[in-house]
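Undergrad: Input target03.pdb, format and content: PDB, C-alpha atoms and all ligand atoms.
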```pdb
ATOM      1  CA  MET A  10       0.000   0.000   0.000
ATOM      2  CA  THR A  11       2.758   2.412   0.964
ATOM      3  CA  ARG A  12       4.726   1.289  -2.061
ATOM      4  CA  LEU A  13       1.722   1.887  -4.269
ATOM      5  CA  LEU A  14       1.279   5.405  -2.892
ATOM      6  CA  ALA A  15       4.973   6.102  -3.364
ATOM      7  CA  ALA A  16       4.760   4.843  -6.935
ATOM      8  CA  LEU A  17       1.736   7.055  -7.575
ATOM      9  CA  ALA A  18       3.573  10.023  -6.091
ATOM     10  CA  VAL A  19       6.525   9.434  -8.393
ATOM     11  CA  LEU A  20       4.152   9.016 -11.327
ATOM     12  CA  ALA A  21       2.377  12.264 -10.462
ATOM     13  CA  ALA A  22       5.713  14.066 -10.198
ATOM     14  CA  VAL A  23       6.731  12.715 -13.614
ATOM     15  CA  LEU A  24       3.391  13.508 -15.260
ATOM     16  CA  VAL A  25       3.319  17.103 -13.981
ATOM     17  CA  PRO A  26       6.683  18.516 -15.023
ATOM     18  CA  GLY A  27       7.939  21.579 -13.225
ATOM     19  CA  SER A  28       5.668  21.055 -10.248
ATOM     20  CA  PRO A  29       6.999  18.942  -7.435
ATOM     21  CA  ALA A  30       4.572  16.473  -5.919
ATOM     22  CA  TRP A  31       2.599  17.773  -2.900
ATOM     23  CA  ALA A  32       3.515  21.379  -3.695
ATOM     24  CA  HIS A  33       0.277  22.702  -2.271
ATOM     25  CA  ALA A  34      -0.091  24.153   1.165
ATOM     26  CA  GLN A  35       0.454  21.970   4.168
ATOM     27  CA  LEU A  36      -0.066  22.966   7.740
ATOM     28  CA  VAL A  37       3.441  23.406   9.151
ATOM     29  CA  ALA A  38       2.708  25.121  12.462
ATOM     30  CA  ALA A  39      -0.311  25.721  14.649
ATOM     31  CA  ASP A  40      -0.982  27.722  17.784
ATOM     32  CA  PRO A  41      -2.618  26.208  19.808
ATOM     33  CA  ALA A  42      -0.607  23.185  18.750
ATOM     34  CA  LYS A  43      -2.194  19.936  17.663
ATOM     35  CA  GLU A  44      -3.538  17.997  20.641
ATOM     36  CA  ALA A  45      -2.188  20.573  23.062
ATOM     37  CA  THR A  46      -3.644  20.883  26.548
ATOM     38  CA  LEU A  47      -3.700  24.550  27.533
ATOM     39  CA  THR A  48      -3.881  25.850  31.084
ATOM     40  CA  ALA A  49      -5.235  29.175  29.779
ATOM     41  CA  ALA A  50      -7.893  29.648  27.134
ATOM     42  CA  PRO A  51      -6.429  30.810  23.816
ATOM     43  CA  THR A  52      -7.761  34.052  22.324
ATOM     44  CA  THR A  53      -6.435  33.400  18.840
ATOM     45  CA  VAL A  54      -5.732  30.463  16.560
ATOM     46  CA  THR A  55      -2.864  30.878  14.129
ATOM     47  CA  LEU A  56      -2.113  28.377  11.391
ATOM     48  CA  ARG A  57       0.997  28.561   9.247
ATOM     49  CA  PHE A  58       1.147  26.773   5.934
ATOM     50  CA  SER A  59       3.935  25.887   3.548
ATOM     51  CA  GLU A  60       2.489  28.070   0.792
ATOM     52  CA  ARG A  61       0.996  31.532   0.554
ATOM     53  CA  LEU A  62      -2.746  31.530   1.132
ATOM     54  CA  ASN A  63      -5.503  33.002  -0.950
ATOM     55  CA  PRO A  64      -7.233  35.309   1.593
ATOM     56  CA  ASP A  65     -10.591  34.962  -0.190
ATOM     57  CA  TYR A  66     -10.886  31.257   0.517
ATOM     58  CA  THR A  67      -9.446  30.827   3.973
ATOM     59  CA  THR A  68     -11.777  29.397   6.578
ATOM     60  CA  ILE A  69     -10.863  28.487  10.134
ATOM     61  CA  VAL A  70     -13.535  27.331  12.549
ATOM     62  CA  VAL A  71     -13.108  26.354  16.178
ATOM     63  CA  SER A  72     -15.901  24.200  17.537
ATOM     64  CA  ASP A  73     -16.539  22.962  21.042
ATOM     65  CA  ALA A  74     -17.196  19.449  22.322
ATOM     66  CA  ALA A  75     -20.870  19.831  21.353
ATOM     67  CA  ARG A  76     -19.692  20.621  17.807
ATOM     68  CA  GLN A  77     -20.981  24.166  18.092
ATOM     69  CA  PRO A  78     -18.801  26.743  16.338
ATOM     70  CA  VAL A  79     -17.144  29.208  18.686
ATOM     71  CA  PRO A  80     -17.764  32.856  17.692
ATOM     72  CA  ALA A  81     -14.658  34.278  16.045
ATOM     73  CA  ALA A  82     -13.647  37.087  13.731
ATOM     74  CA  ALA A  83     -12.925  36.401  10.058
ATOM     75  CA  PRO A  84      -9.359  35.184   9.523
ATOM     76  CA  THR A  85      -6.603  37.649   8.812
ATOM     77  CA  ILE A  86      -4.054  36.409   6.306
ATOM     78  CA  ASP A  87      -0.371  37.221   6.398
ATOM     79  CA  GLY A  88       1.409  35.440   3.598
ATOM     80  CA  ALA A  89       1.295  31.786   4.542
ATOM     81  CA  SER A  90      -0.274  32.373   7.947
ATOM     82  CA  ALA A  91      -3.895  32.771   8.940
ATOM     83  CA  THR A  92      -5.149  33.957  12.319
ATOM     84  CA  ILE A  93      -8.607  34.057  13.819
ATOM     85  CA  THR A  94      -9.475  35.922  16.988
ATOM     86  CA  ILE A  95     -11.922  34.132  19.261
ATOM     87  CA  SER A  96     -14.713  36.429  20.453
ATOM     88  CA  GLN A  97     -15.414  34.706  23.751
ATOM     89  CA  THR A  98     -13.438  33.128  26.543
ATOM     90  CA  LEU A  99     -13.264  29.417  25.946
ATOM     91  CA  GLY A 100     -14.332  27.307  28.891
ATOM     92  CA  ASN A 101     -12.547  24.151  29.852
ATOM     93  CA  GLY A 102     -13.128  21.315  27.457
ATOM     94  CA  ALA A 103     -12.198  19.790  24.135
ATOM     95  CA  TYR A 104     -12.118  21.862  20.975
ATOM     96  CA  LEU A 105     -11.567  21.166  17.320
ATOM     97  CA  VAL A 106      -9.855  23.490  14.869
ATOM     98  CA  ALA A 107     -11.077  22.894  11.330
ATOM     99  CA  TYR A 108      -9.458  24.678   8.429
ATOM    100  CA  ARG A 109      -9.971  24.932   4.722
ATOM    101  CA  VAL A 110      -7.520  27.019   2.760
ATOM    102  CA  VAL A 111      -6.613  27.612  -0.848
ATOM    103  CA  SER A 112      -2.938  28.042  -1.526
ATOM    104  CA  ALA A 113      -1.456  30.286  -4.188
ATOM    105  CA  ASP A 114      -1.358  27.361  -6.646
ATOM    106  CA  GLY A 115      -5.158  27.069  -6.393
ATOM    107  CA  HIS A 116      -5.291  23.822  -4.470
ATOM    108  CA  THR A 117      -7.713  23.447  -1.600
ATOM    109  CA  VAL A 118      -6.305  21.948   1.560
ATOM    110  CA  GLN A 119      -8.418  21.100   4.556
ATOM    111  CA  GLY A 120      -7.949  19.379   7.845
ATOM    112  CA  SER A 121      -8.682  19.527  11.525
ATOM    113  CA  TYR A 122      -7.039  18.891  14.843
ATOM    114  CA  PRO A 123      -8.106  18.890  18.498
ATOM    115  CA  PHE A 124      -6.857  20.810  21.482
ATOM    116  CA  THR A 125      -8.024  20.957  25.082
ATOM    117  CA  VAL A 126      -8.493  23.850  27.487
ATOM    118  CA  ALA A 127      -7.884  22.802  31.096
ATOM    119  CA  ASP A 128      -7.647  25.985  33.133
ATOM    120  CA  PRO A 129      -7.020  25.051  36.794
ATOM    121  CA  ALA A 130      -8.962  28.176  37.805
ATOM    122  CA  HIS A 131     -12.105  26.453  36.525
ATOM    123  CA  PRO A 132     -12.054  23.037  38.219
ATOM    124  CA  ALA A 133     -15.801  22.466  37.903
ATOM    125  CA  ALA A 134     -15.700  22.695  34.151
ATOM    126  CA  ALA A 135     -12.631  20.475  34.090
ATOM    127  CA  LEU A 136     -14.794  17.575  35.230
ATOM    128  CA  SER A 137     -16.983  17.798  32.160
ATOM    129  CA  ALA A 138     -13.879  18.124  30.026
ATOM    130  CA  ALA A 139     -12.793  14.714  31.264
ATOM    131  CA  ALA A 140     -15.921  13.159  29.770
ATOM    132  CA  PRO A 141     -15.500  11.628  26.335
ATOM    133  CA  VAL A 142     -16.265  14.027  23.498
ATOM    134  CA  ALA A 143     -18.387  11.565  21.576
ATOM    135  CA  ALA A 144     -19.935   8.894  23.757
ATOM    136  CA  ALA A 145     -20.875   5.725  21.943
ATOM    137  CA  PRO A 146     -24.642   5.467  21.513
ATOM    138  CA  PRO A 147     -26.203   2.924  23.865
ATOM    139  CA  ASP A 148     -27.037  -0.412  22.316
ATOM    140  CA  SER A 149     -30.747  -0.157  21.636
ATOM    141  CA  SER A 150     -31.214  -3.632  20.125
ATOM    142  CA  GLY A 151     -33.633  -5.324  22.520
ATOM    143  CA  GLY A 152     -32.257  -3.487  25.530
ATOM    144  CA  GLY A 153     -35.451  -1.430  25.786
ATOM    145  CA  THR A 154     -37.841  -4.361  26.261
ATOM    146  CA  GLY A 155     -36.276  -5.600  29.514
ATOM    147  CA  PRO A 156     -37.624  -2.818  31.775
ATOM    148  CA  LEU A 157     -41.038  -3.033  30.063
ATOM    149  CA  ILE A 158     -41.319  -6.771  30.768
ATOM    150  CA  SER A 159     -40.317  -6.165  34.400
ATOM    151  CA  LEU A 160     -42.986  -3.483  34.675
ATOM    152  CA  ILE A 161     -45.682  -5.754  33.224
ATOM    153  CA  ALA A 162     -44.596  -8.604  35.550
ATOM    154  CA  ALA A 163     -44.689  -6.285  38.571
ATOM    155  CA  GLY A 164     -48.128  -5.006  37.573
ATOM    156  CA  LEU A 165     -49.402  -8.577  37.123
ATOM    157  CA  LEU A 166     -48.072  -9.621  40.564
ATOM    158  CA  LEU A 167     -49.712  -6.574  42.127
ATOM    159  CA  ALA A 168     -53.046  -7.405  40.443
ATOM    160  CA  ILE A 169     -52.852 -11.012  41.707
ATOM    161  CA  ALA A 170     -51.977  -9.821  45.228
ATOM    162  CA  ILE A 171     -54.926  -7.366  45.265
ATOM    163  CA  PHE A 172     -57.221 -10.110  43.923
ATOM    164  CA  TRP A 173     -56.221 -12.573  46.701
ATOM    165  CA  TYR A 174     -56.395  -9.886  49.385
ATOM    166  CA  ALA A 175     -59.880  -8.886  48.219
ATOM    167  CA  ARG A 176     -61.011 -12.554  48.226
ATOM    168  CA  LYS A 177     -59.752 -13.111  51.763
ATOM    169  CA  ARG A 178     -61.433  -9.954  53.028
ATOM    170  CA  ARG A 179     -64.794 -10.804  51.446
ATOM    171  CA  PRO A 180     -67.226 -11.800  54.168
ATOM    172  CA  PRO A 181     -68.205 -15.447  53.973
ATOM    173  CA  PRO A 182     -71.525 -16.068  52.252
ATOM    174  CA  ARG A 183     -74.424 -16.627  54.610
TER     175      ARG A 183
HETATM  176 CU    CU A 201      -0.955  22.392  -4.561
END
```
I'd like the structure from this file rewritten - as structure tokens, please.
Ligand SMILES: [Cu+2]
TA:
Amino acid sequence: MTRLLAALAVLAAVLVPGSPAWAHAQLVAADPAKEATLTAAPTTVTLRFSERLNPDYTTIVVSDAARQPVPAAAPTIDGASATITISQTLGNGAYLVAYRVVSADGHTVQGSYPFTVADPAHPAAALSAAAPVAAAPPDSSGGGTGPLISLIAAGLLLAIAIFWYARKRRPPPR
């Protein structure tokens, strides 16, 4: 598989003379860094790429653990770098930086990476940050009928008990 990809890369390089393979922009530096755990909430996200960016097509979105985008100003572009300023203080928790940029050669490059805010000044929120970002959905195949059957059984037992109690209490026929 790796050999195949390498062969394809060589082929692409040969077929497109004058343009080295993978010339388009790659993320070379990020602040916050990939998978960083920060003790203070960041106010900006800066991404540096290997190629100059087209300012018209640069998108950077930070979203929280609930996948809600965090309010931020439009990115400012400086050559190969793009910066967004976050409009609110990020609480403790997991965040995802998603980017989509177009480099000077016209290629679109997109990707994403996580980082975590764990400010010790906010210990309460840190507890929720420890929870998994995406919990696996509970297995719903047949699991829901168990409690229902128990409820019906309990109701049936109660009905029988009331029936016997009522029979015992009935005055004997004269
Ligand atoms: Cu390219």
Undergrad: What's the separation between CA of Val110 in chain A and CA of Asp87 in chain A, in Å to one decimal place?
TA: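 CA of Val110 in chain A sits 13.0 Å away from CA of Asp87 in chain A.
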Undergrad: Apply the PyMOL selection byres (((not hetatm)) within 8 of (chain A and resi 201)) to the file shown and report the selected residues as a list in words.
TA: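 So the PyMOL selection byres (((not hetatm)) within 8 of (chain A and resi 201)), applied here, picks out Trp31, Ala32, His33, Ala34, Ser112, Ala113, Asp114, Gly115, His116 and Thr117 of chain A.
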Undergrad: Have a look at CA of Ala75 in chain A and CA of Ala49 in chain A and let me know their distance in Å, one decimal.
TA: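 Computing it gives 20.1 Å between the two atoms.
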Undergrad: Which residues fall under the PyMOL selection byres (((chain A and resi 56) around 7) and not hetatm) in this file, as a VMD selection string?
TA: chain A and resid 36 38 to 40 54 to 55 57 to 58 90 to 92
Undergrad: Residues near Leu99 in chain A, anyone? I mean within 8 Å using only C-alpha atoms, not counting same-chain ones fewer than 5 positions away, as number ranges by chain.
TA: A: 50-51, 126
Undergrad: Could you take the residues named above and write them with C-alpha atoms, as a short mmCIF file (atom, residue, chain, number, x, y, z; two decimals), keeping the file's coordinate frame?
TA:
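Output below, filename result.cif:
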```
data_model
loop_
_atom_site.label_atom_id
_atom_site.label_comp_id
_atom_site.auth_asym_id
_atom_site.auth_seq_id
_atom_site.Cartn_x
_atom_site.Cartn_y
_atom_site.Cartn_z
CA ALA A 50 -7.89 29.65 27.13
CA PRO A 51 -6.43 30.81 23.82
CA VAL A 126 -8.49 23.85 27.49
#
```
Undergrad: Could you jot down the CA of Arg76 in chain A to CA of Ser59 in chain A separation for me, Å, one decimal place?
TA: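 Those two atoms sit 28.1 Å apart.
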Undergrad: Care to translate the PyMOL selection byres (((chain A and resi 98) around 12) and not hetatm) into actual residues of this file, as a PDB file with C-alpha atoms, keeping the file's coordinate frame?
TA:
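Resulting contents of result_2.pdb:
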```
ATOM      1  CA  ALA A  49      -5.235  29.175  29.779  1.00  0.00           C
ATOM      2  CA  ALA A  50      -7.893  29.648  27.134  1.00  0.00           C
ATOM      3  CA  PRO A  51      -6.429  30.810  23.816  1.00  0.00           C
ATOM      4  CA  THR A  52      -7.761  34.052  22.324  1.00  0.00           C
ATOM      5  CA  THR A  53      -6.435  33.400  18.840  1.00  0.00           C
ATOM      6  CA  ASP A  73     -16.539  22.962  21.042  1.00  0.00           C
ATOM      7  CA  VAL A  79     -17.144  29.208  18.686  1.00  0.00           C
ATOM      8  CA  PRO A  80     -17.764  32.856  17.692  1.00  0.00           C
ATOM      9  CA  ALA A  81     -14.658  34.278  16.045  1.00  0.00           C
ATOM     10  CA  THR A  94      -9.475  35.922  16.988  1.00  0.00           C
ATOM     11  CA  ILE A  95     -11.922  34.132  19.261  1.00  0.00           C
ATOM     12  CA  SER A  96     -14.713  36.429  20.453  1.00  0.00           C
ATOM     13  CA  GLN A  97     -15.414  34.706  23.751  1.00  0.00           C
ATOM     14  CA  LEU A  99     -13.264  29.417  25.946  1.00  0.00           C
ATOM     15  CA  GLY A 100     -14.332  27.307  28.891  1.00  0.00           C
ATOM     16  CA  ASN A 101     -12.547  24.151  29.852  1.00  0.00           C
ATOM     17  CA  GLY A 102     -13.128  21.315  27.457  1.00  0.00           C
ATOM     18  CA  VAL A 126      -8.493  23.850  27.487  1.00  0.00           C
ATOM     19  CA  ASP A 128      -7.647  25.985  33.133  1.00  0.00           C
TER      20      ASP A 128
END
```
Undergrad: Take every atom of range 88-95 of chain A listed in the file, fit an axis-aligned box around them, add 5 Å per side, and give the centre and edge lengths in Å to one decimal as JSON.
TA:
```
{"center_x": -5.3, "center_y": 33.9, "center_z": 11.4, "size_x": 23.3, "size_y": 14.1, "size_z": 25.7}
```
Undergrad: Counting all atoms listed in the file, figure out which residue out of A:Val37, A:Ala42, A:Val106, A:Ile69 gets nearest to Ile86 in chain A.
TA: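 Comparing A:Val37, A:Ala42, A:Val106, A:Ile69 against Ile86 in chain A, the winner is A:Ile69.
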Undergrad: Choose the residue, out of A:Glu60, A:Gln77, A:Tyr66, A:His131, that has the smallest atom-to-atom separation from Tyr104 in chain A; count only C-alpha atoms.
TA: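 The closest residue to Tyr104 in chain A is A:Gln77.
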